[in-house]
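This is start_31.cif (mmCIF, C-alpha atoms).
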data_entry
#
loop_
_atom_site.label_atom_id
_atom_site.label_comp_id
_atom_site.auth_asym_id
_atom_site.auth_seq_id
_atom_site.Cartn_x
_atom_site.Cartn_y
_atom_site.Cartn_z
CA MET N 1 13.46 -18.62 -24.21
CA ASN N 2 10.85 -20.70 -26.04
CA LEU N 3 7.12 -20.04 -25.76
CA LYS N 4 6.44 -23.20 -23.77
CA LYS N 5 8.89 -22.24 -21.03
CA LEU N 6 7.60 -18.66 -20.95
CA LEU N 7 4.04 -19.89 -20.46
CA LEU N 8 5.22 -22.23 -17.71
CA ILE N 9 6.88 -19.34 -15.88
CA LEU N 10 3.74 -17.24 -16.20
CA VAL N 11 1.54 -19.97 -14.76
CA ILE N 12 3.89 -20.68 -11.85
CA ILE N 13 4.52 -17.07 -10.90
CA PHE N 14 0.85 -16.11 -11.02
CA SER N 15 -0.55 -19.14 -9.25
CA LEU N 16 2.26 -20.94 -7.43
CA SER N 17 0.01 -23.97 -7.70
CA GLY N 18 2.33 -26.73 -8.85
CA CYS N 19 5.48 -27.62 -6.92
CA THR N 20 6.44 -30.16 -9.57
CA ASN N 21 6.48 -27.44 -12.23
CA ILE N 22 8.59 -25.17 -10.05
CA ASN N 23 11.41 -27.68 -10.32
CA ASP N 24 11.54 -27.05 -14.07
CA LEU N 25 12.72 -23.47 -13.42
CA ASN N 26 16.11 -22.28 -12.32
CA TYR N 27 16.80 -19.24 -10.14
CA ASP N 28 17.59 -17.04 -13.13
CA ASP N 29 14.23 -17.89 -14.71
CA ILE N 30 12.41 -16.70 -11.61
CA ILE N 31 14.41 -13.50 -11.14
CA ASN N 32 14.57 -12.44 -14.79
CA ASN N 33 10.78 -12.56 -15.12
CA ILE N 34 9.99 -10.14 -12.31
CA SER N 35 8.08 -8.04 -14.86
CA LEU N 36 5.49 -10.81 -15.25
CA ASN N 37 4.16 -10.82 -11.71
CA ALA N 38 2.67 -7.42 -10.89
CA LYS N 39 0.06 -7.93 -8.17
CA LYS N 40 -2.57 -5.76 -6.50
CA SER N 41 -2.10 -4.97 -2.83
CA ASN N 42 -4.12 -6.83 -0.22
CA VAL N 43 -2.20 -5.69 2.88
CA PHE N 44 -2.29 -2.00 3.83
CA LYS N 45 -0.03 -0.22 6.32
CA LYS N 46 0.53 3.42 7.11
CA GLY N 47 2.88 4.63 4.37
CA PHE N 48 2.96 1.49 2.21
CA ASN N 49 0.98 -1.49 1.00
CA PHE N 50 1.81 -4.77 -0.70
CA TYR N 51 0.51 -8.07 -2.03
CA LEU N 52 0.52 -11.12 0.24
CA PRO N 53 0.45 -14.47 -1.63
CA ARG N 54 -2.06 -17.15 -0.66
CA GLY N 55 -0.89 -19.29 2.23
CA LEU N 56 1.06 -16.47 3.92
CA ASP N 57 0.00 -14.35 6.89
CA VAL N 58 1.37 -11.27 8.64
CA SER N 59 2.44 -12.43 12.10
CA LYS N 60 4.03 -9.18 13.30
CA ALA N 61 4.50 -5.67 11.91
CA GLY N 62 5.83 -2.24 12.78
CA PRO N 63 6.30 1.13 11.04
CA ASN N 64 8.95 -0.23 8.66
CA TYR N 65 9.11 -4.00 9.06
CA VAL N 66 6.82 -6.96 8.54
CA ILE N 67 7.24 -10.59 9.58
CA ILE N 68 5.32 -12.90 7.27
CA SER N 69 4.70 -16.56 8.08
CA SER N 70 3.53 -19.71 6.34
CA SER N 71 3.18 -23.22 7.72
CA ASN N 72 6.93 -23.83 7.48
CA VAL N 73 8.69 -20.57 6.55
CA ASP N 74 9.08 -17.11 8.09
CA TYR N 75 9.81 -14.13 5.82
CA TYR N 76 11.47 -11.12 7.49
CA MET N 77 10.85 -7.94 5.49
CA TYR N 78 12.37 -4.54 6.23
CA LEU N 79 11.35 -1.41 4.29
CA ASP N 80 13.93 1.36 3.95
CA LEU N 81 11.55 4.32 3.95
CA ILE N 82 14.41 6.83 4.22
CA SER N 83 16.11 5.51 1.07
CA PHE N 84 12.77 5.57 -0.74
CA HIS N 85 12.12 9.15 0.32
CA GLU N 86 15.61 10.20 -0.79
CA SER N 87 15.56 8.04 -3.97
CA LYS N 88 18.82 6.36 -3.04
CA LYS N 89 20.29 3.63 -5.24
CA ILE N 90 21.47 0.36 -3.74
CA GLU N 91 25.00 -0.85 -4.30
CA TYR N 92 25.71 -4.55 -4.64
CA GLU N 93 28.52 -6.58 -6.17
CA GLU N 94 27.81 -10.17 -7.15
CA ASN N 95 29.59 -12.59 -4.85
CA PRO N 96 31.11 -15.65 -6.56
CA ASN N 97 31.86 -17.28 -3.20
CA VAL N 98 28.27 -17.97 -2.18
CA TYR N 99 25.72 -20.51 -3.36
CA TYR N 100 23.96 -17.95 -5.60
CA SER N 101 24.40 -14.24 -6.22
CA GLN N 102 22.61 -12.20 -8.87
CA LYS N 103 21.86 -8.54 -9.57
CA PHE N 104 18.77 -7.49 -11.50
CA SER N 105 16.95 -4.34 -12.54
CA TYR N 106 13.35 -3.54 -13.46
CA ASN N 107 11.38 -0.28 -13.73
CA ASP N 108 14.49 1.74 -12.87
CA ASN N 109 14.84 -0.15 -9.58
CA ASP N 110 17.93 -2.21 -8.91
CA GLY N 111 17.85 -5.35 -6.83
CA TYR N 112 19.76 -8.47 -5.96
CA VAL N 113 19.38 -12.00 -4.69
CA GLU N 114 22.02 -13.68 -2.56
CA ILE N 115 21.75 -17.22 -1.21
CA LYS N 116 24.26 -18.58 1.30
CA LEU N 117 24.64 -22.10 2.62
CA TRP N 118 24.19 -21.88 6.38
CA GLU N 119 24.34 -24.32 9.25
CA ASN N 120 22.45 -27.63 9.28
CA ASN N 121 22.22 -27.59 5.47
CA LYS N 122 19.87 -24.62 5.47
CA TYR N 123 20.13 -21.61 3.18
CA LEU N 124 19.92 -17.92 4.01
CA ILE N 125 18.10 -16.10 1.20
CA GLU N 126 18.46 -12.33 0.99
CA ILE N 127 16.41 -10.45 -1.61
CA MET N 128 16.46 -6.68 -1.96
CA TYR N 129 14.32 -4.71 -4.39
CA ASN N 130 12.00 -1.70 -4.44
CA TYR N 131 13.52 -0.20 -1.26
CA ALA N 132 12.75 -3.32 0.75
CA LYS N 133 14.61 -6.44 1.79
CA ILE N 134 13.35 -9.93 2.60
CA GLU N 135 15.41 -12.54 4.41
CA VAL N 136 14.44 -16.17 4.85
CA MET N 137 16.19 -19.22 6.33
CA VAL N 138 15.01 -22.29 4.48
CA GLU N 139 15.85 -25.79 3.31
CA GLU N 140 17.05 -26.21 -0.27
CA ASN N 141 13.84 -27.77 -1.57
CA LEU N 142 11.89 -24.60 -0.68
CA ILE N 143 14.27 -22.02 -2.20
CA LYS N 144 12.37 -21.60 -5.49
CA GLU N 145 9.01 -21.25 -3.78
CA VAL N 146 10.45 -18.64 -1.41
CA LEU N 147 12.02 -16.72 -4.30
CA ILE N 148 8.71 -16.56 -6.15
CA ASN N 149 6.79 -15.44 -3.06
CA SER N 150 9.43 -12.87 -2.13
CA ILE N 151 9.59 -11.35 -5.60
CA ASN N 152 5.79 -11.17 -5.72
CA ILE N 153 5.80 -9.28 -2.42
CA LEU N 154 8.68 -6.90 -3.16
CA ASN N 155 7.51 -6.07 -6.68
CA SER N 156 4.03 -5.22 -5.39
CA ILE N 157 5.06 -2.70 -2.71
CA LYS N 158 3.54 0.75 -3.19
CA TYR N 159 4.71 3.68 -1.09
CA ASN N 160 2.80 6.79 -0.05
CA ASN N 161 5.43 9.50 -0.14
CA THR N 162 3.20 12.08 1.58
CA ILE N 163 2.61 9.84 4.58
CA ILE N 164 6.25 8.73 4.71
CA GLU N 165 7.45 12.34 4.63
CA SER N 166 5.12 13.14 7.51
CA LEU N 167 6.39 10.14 9.50
CA LEU N 168 10.00 11.14 8.95
CA LYS N 169 9.39 14.75 9.95
CA SER N 170 7.56 13.74 13.10
CA ASP N 171 10.25 11.22 14.11
CA ASN N 172 7.69 8.44 14.33
CA LEU N 173 10.12 5.94 12.83
CA ASP N 174 12.77 4.39 15.04
CA TYR N 175 15.84 4.35 12.81
CA THR N 176 18.37 3.22 15.38
CA GLU N 177 21.58 1.40 14.54
CA GLU N 178 20.05 -1.79 15.96
CA LEU N 179 17.10 -1.54 13.59
CA PHE N 180 19.30 -1.02 10.53
CA ASN N 181 21.37 -4.07 11.47
CA MET N 182 18.53 -6.39 12.29
CA PHE N 183 19.06 -8.42 9.12
CA GLU N 184 22.57 -9.25 10.29
CA ASN N 185 21.52 -10.57 13.70
CA ILE N 186 21.28 -14.31 13.22
CA GLU N 187 21.56 -16.69 16.13
CA ASP N 188 24.43 -19.11 15.69
CA LYS N 189 22.60 -22.36 16.32
CA SER N 190 18.87 -21.79 15.98
CA ASN N 191 18.85 -20.76 12.29
CA VAL N 192 16.17 -18.24 13.22
CA LEU N 193 16.52 -14.61 12.18
CA ASN N 194 16.81 -12.67 15.42
CA TYR N 195 15.10 -9.29 15.32
CA GLU N 196 16.40 -6.97 18.02
CA ASP N 197 14.45 -4.07 19.47
CA VAL N 198 11.53 -4.14 17.07
CA ASN N 199 8.07 -2.95 17.92
CA SER N 200 5.40 -5.65 17.67
CA ASN N 201 2.62 -3.08 17.30
CA ASN N 202 0.27 -4.11 14.49
CA ASP N 203 -1.69 -0.84 14.40
CA ASN N 204 -2.77 0.55 11.04
CA THR N 205 -2.62 -2.87 9.37
CA GLU N 206 -5.53 -4.13 7.34
CA ILE N 207 -5.42 -7.53 5.69
CA LYS N 208 -8.06 -8.36 3.14
CA ASP N 209 -9.02 -11.87 1.99
CA THR N 210 -6.34 -12.93 -0.49
CA ASP N 211 -8.80 -15.27 -2.19
CA TYR N 212 -10.82 -12.31 -3.43
CA VAL N 213 -8.48 -9.34 -3.56
CA GLY N 214 -5.65 -8.84 -6.03
CA ARG N 215 -6.21 -12.03 -8.02
#
Target encoding structure tokens, full file:
Amino acid sequence: MNLKKLLLILVIIFSLSGCTNINDLNYDDIINNISLNAKKSNVFKKGFNFYLPRGLDVSKAGPNYVIISSSNVDYYMYLDLISFHESKKIEYEENPNVYYSQKFSYNDNDGYVEIKLWENNKYLIEIMYNYAKIEVMVEENLIKEVLINSINILNSIKYNNTIIESLLKSDNLDYTEELFNMFENIEDKSNVLNYEDVNSNNDNTEIKDTDYVGR
């Protein structure tokens, strides 16, 4: 990769300020430079915290899930606190039959991106990394922007193992079968990710001004 393209990736990933420049990148460029976008947390929850890019807001949250919204996109994030606590490794095989499928690894954490063409010419993006998964349903012209935002969020997640261990011991987390499968529950016609049986309680969430924190 030449220096000019590397600088372009750095500028885009850190600022996400120019949609025209985003078009100069491909999906591999975005994913393979996950090491360039470490961000400081500006959202704090009990047991974990993460960075929220400018233009995004937390619309709903629970002990191990967060729904993040922008003006035209909803990001559904689920955090697998049990796998983090037990240091489990994810297993994923690249799928040649979908629009895009790619494994990646950074800081001893494995991850993957899978993009599927869905109904009404929309795309289901699934990104898993750092013991968390984000899913988004989006039009093709927004895929790169969503990838950058999602990688920024997932790469920034910090876990508090002491708090998580306490939550697991006290059974304060609702790890039902429905909750584990909530990323698979997609309504056939609405193209909206359907979260079943999730708690909309936003307790223990603090969001600081993203214009001044973590930039």
**Request:** Give as a PyMOL selection string the residues that the PyMOL selection byres ((chain N and resi 117) around 10) matches when applied to the coordinates above.
**Result:** chain N and resi 98-100+115-116+118-125+137-140
**Request:** For range 81-83 of chain N, list every protein, DNA or RNA residue within 8 Å, evaluated using all atoms listed in the file, and leave out those in the same chain fewer than 4 positions away; present the list as a PyMOL selection string.
**Result:** chain N and resi 64+87-89+131+164+168
**Prompt:** Using only C-alpha atoms, which of the listed residues (N:Leu79, N:Ile163, N:Leu154, N:Ile68) sits closest to Tyr129 in chain N?
**Reply:** N:Leu154
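For the pair CA of Lys39 in chain N and CA of Ser166 in chain N, the separation is 26.7 Å.
The nearest approach to Asp29 in chain N among the residues N:Phe44, N:Tyr76, N:Phe104, N:Tyr51, with all atoms listed in the file taken into account, belongs to N:Phe104.
Atom pair CA of Gln102 in chain N / CA of Asn32 in chain N has a distance of 10.0 Å (rounded to one decimal).
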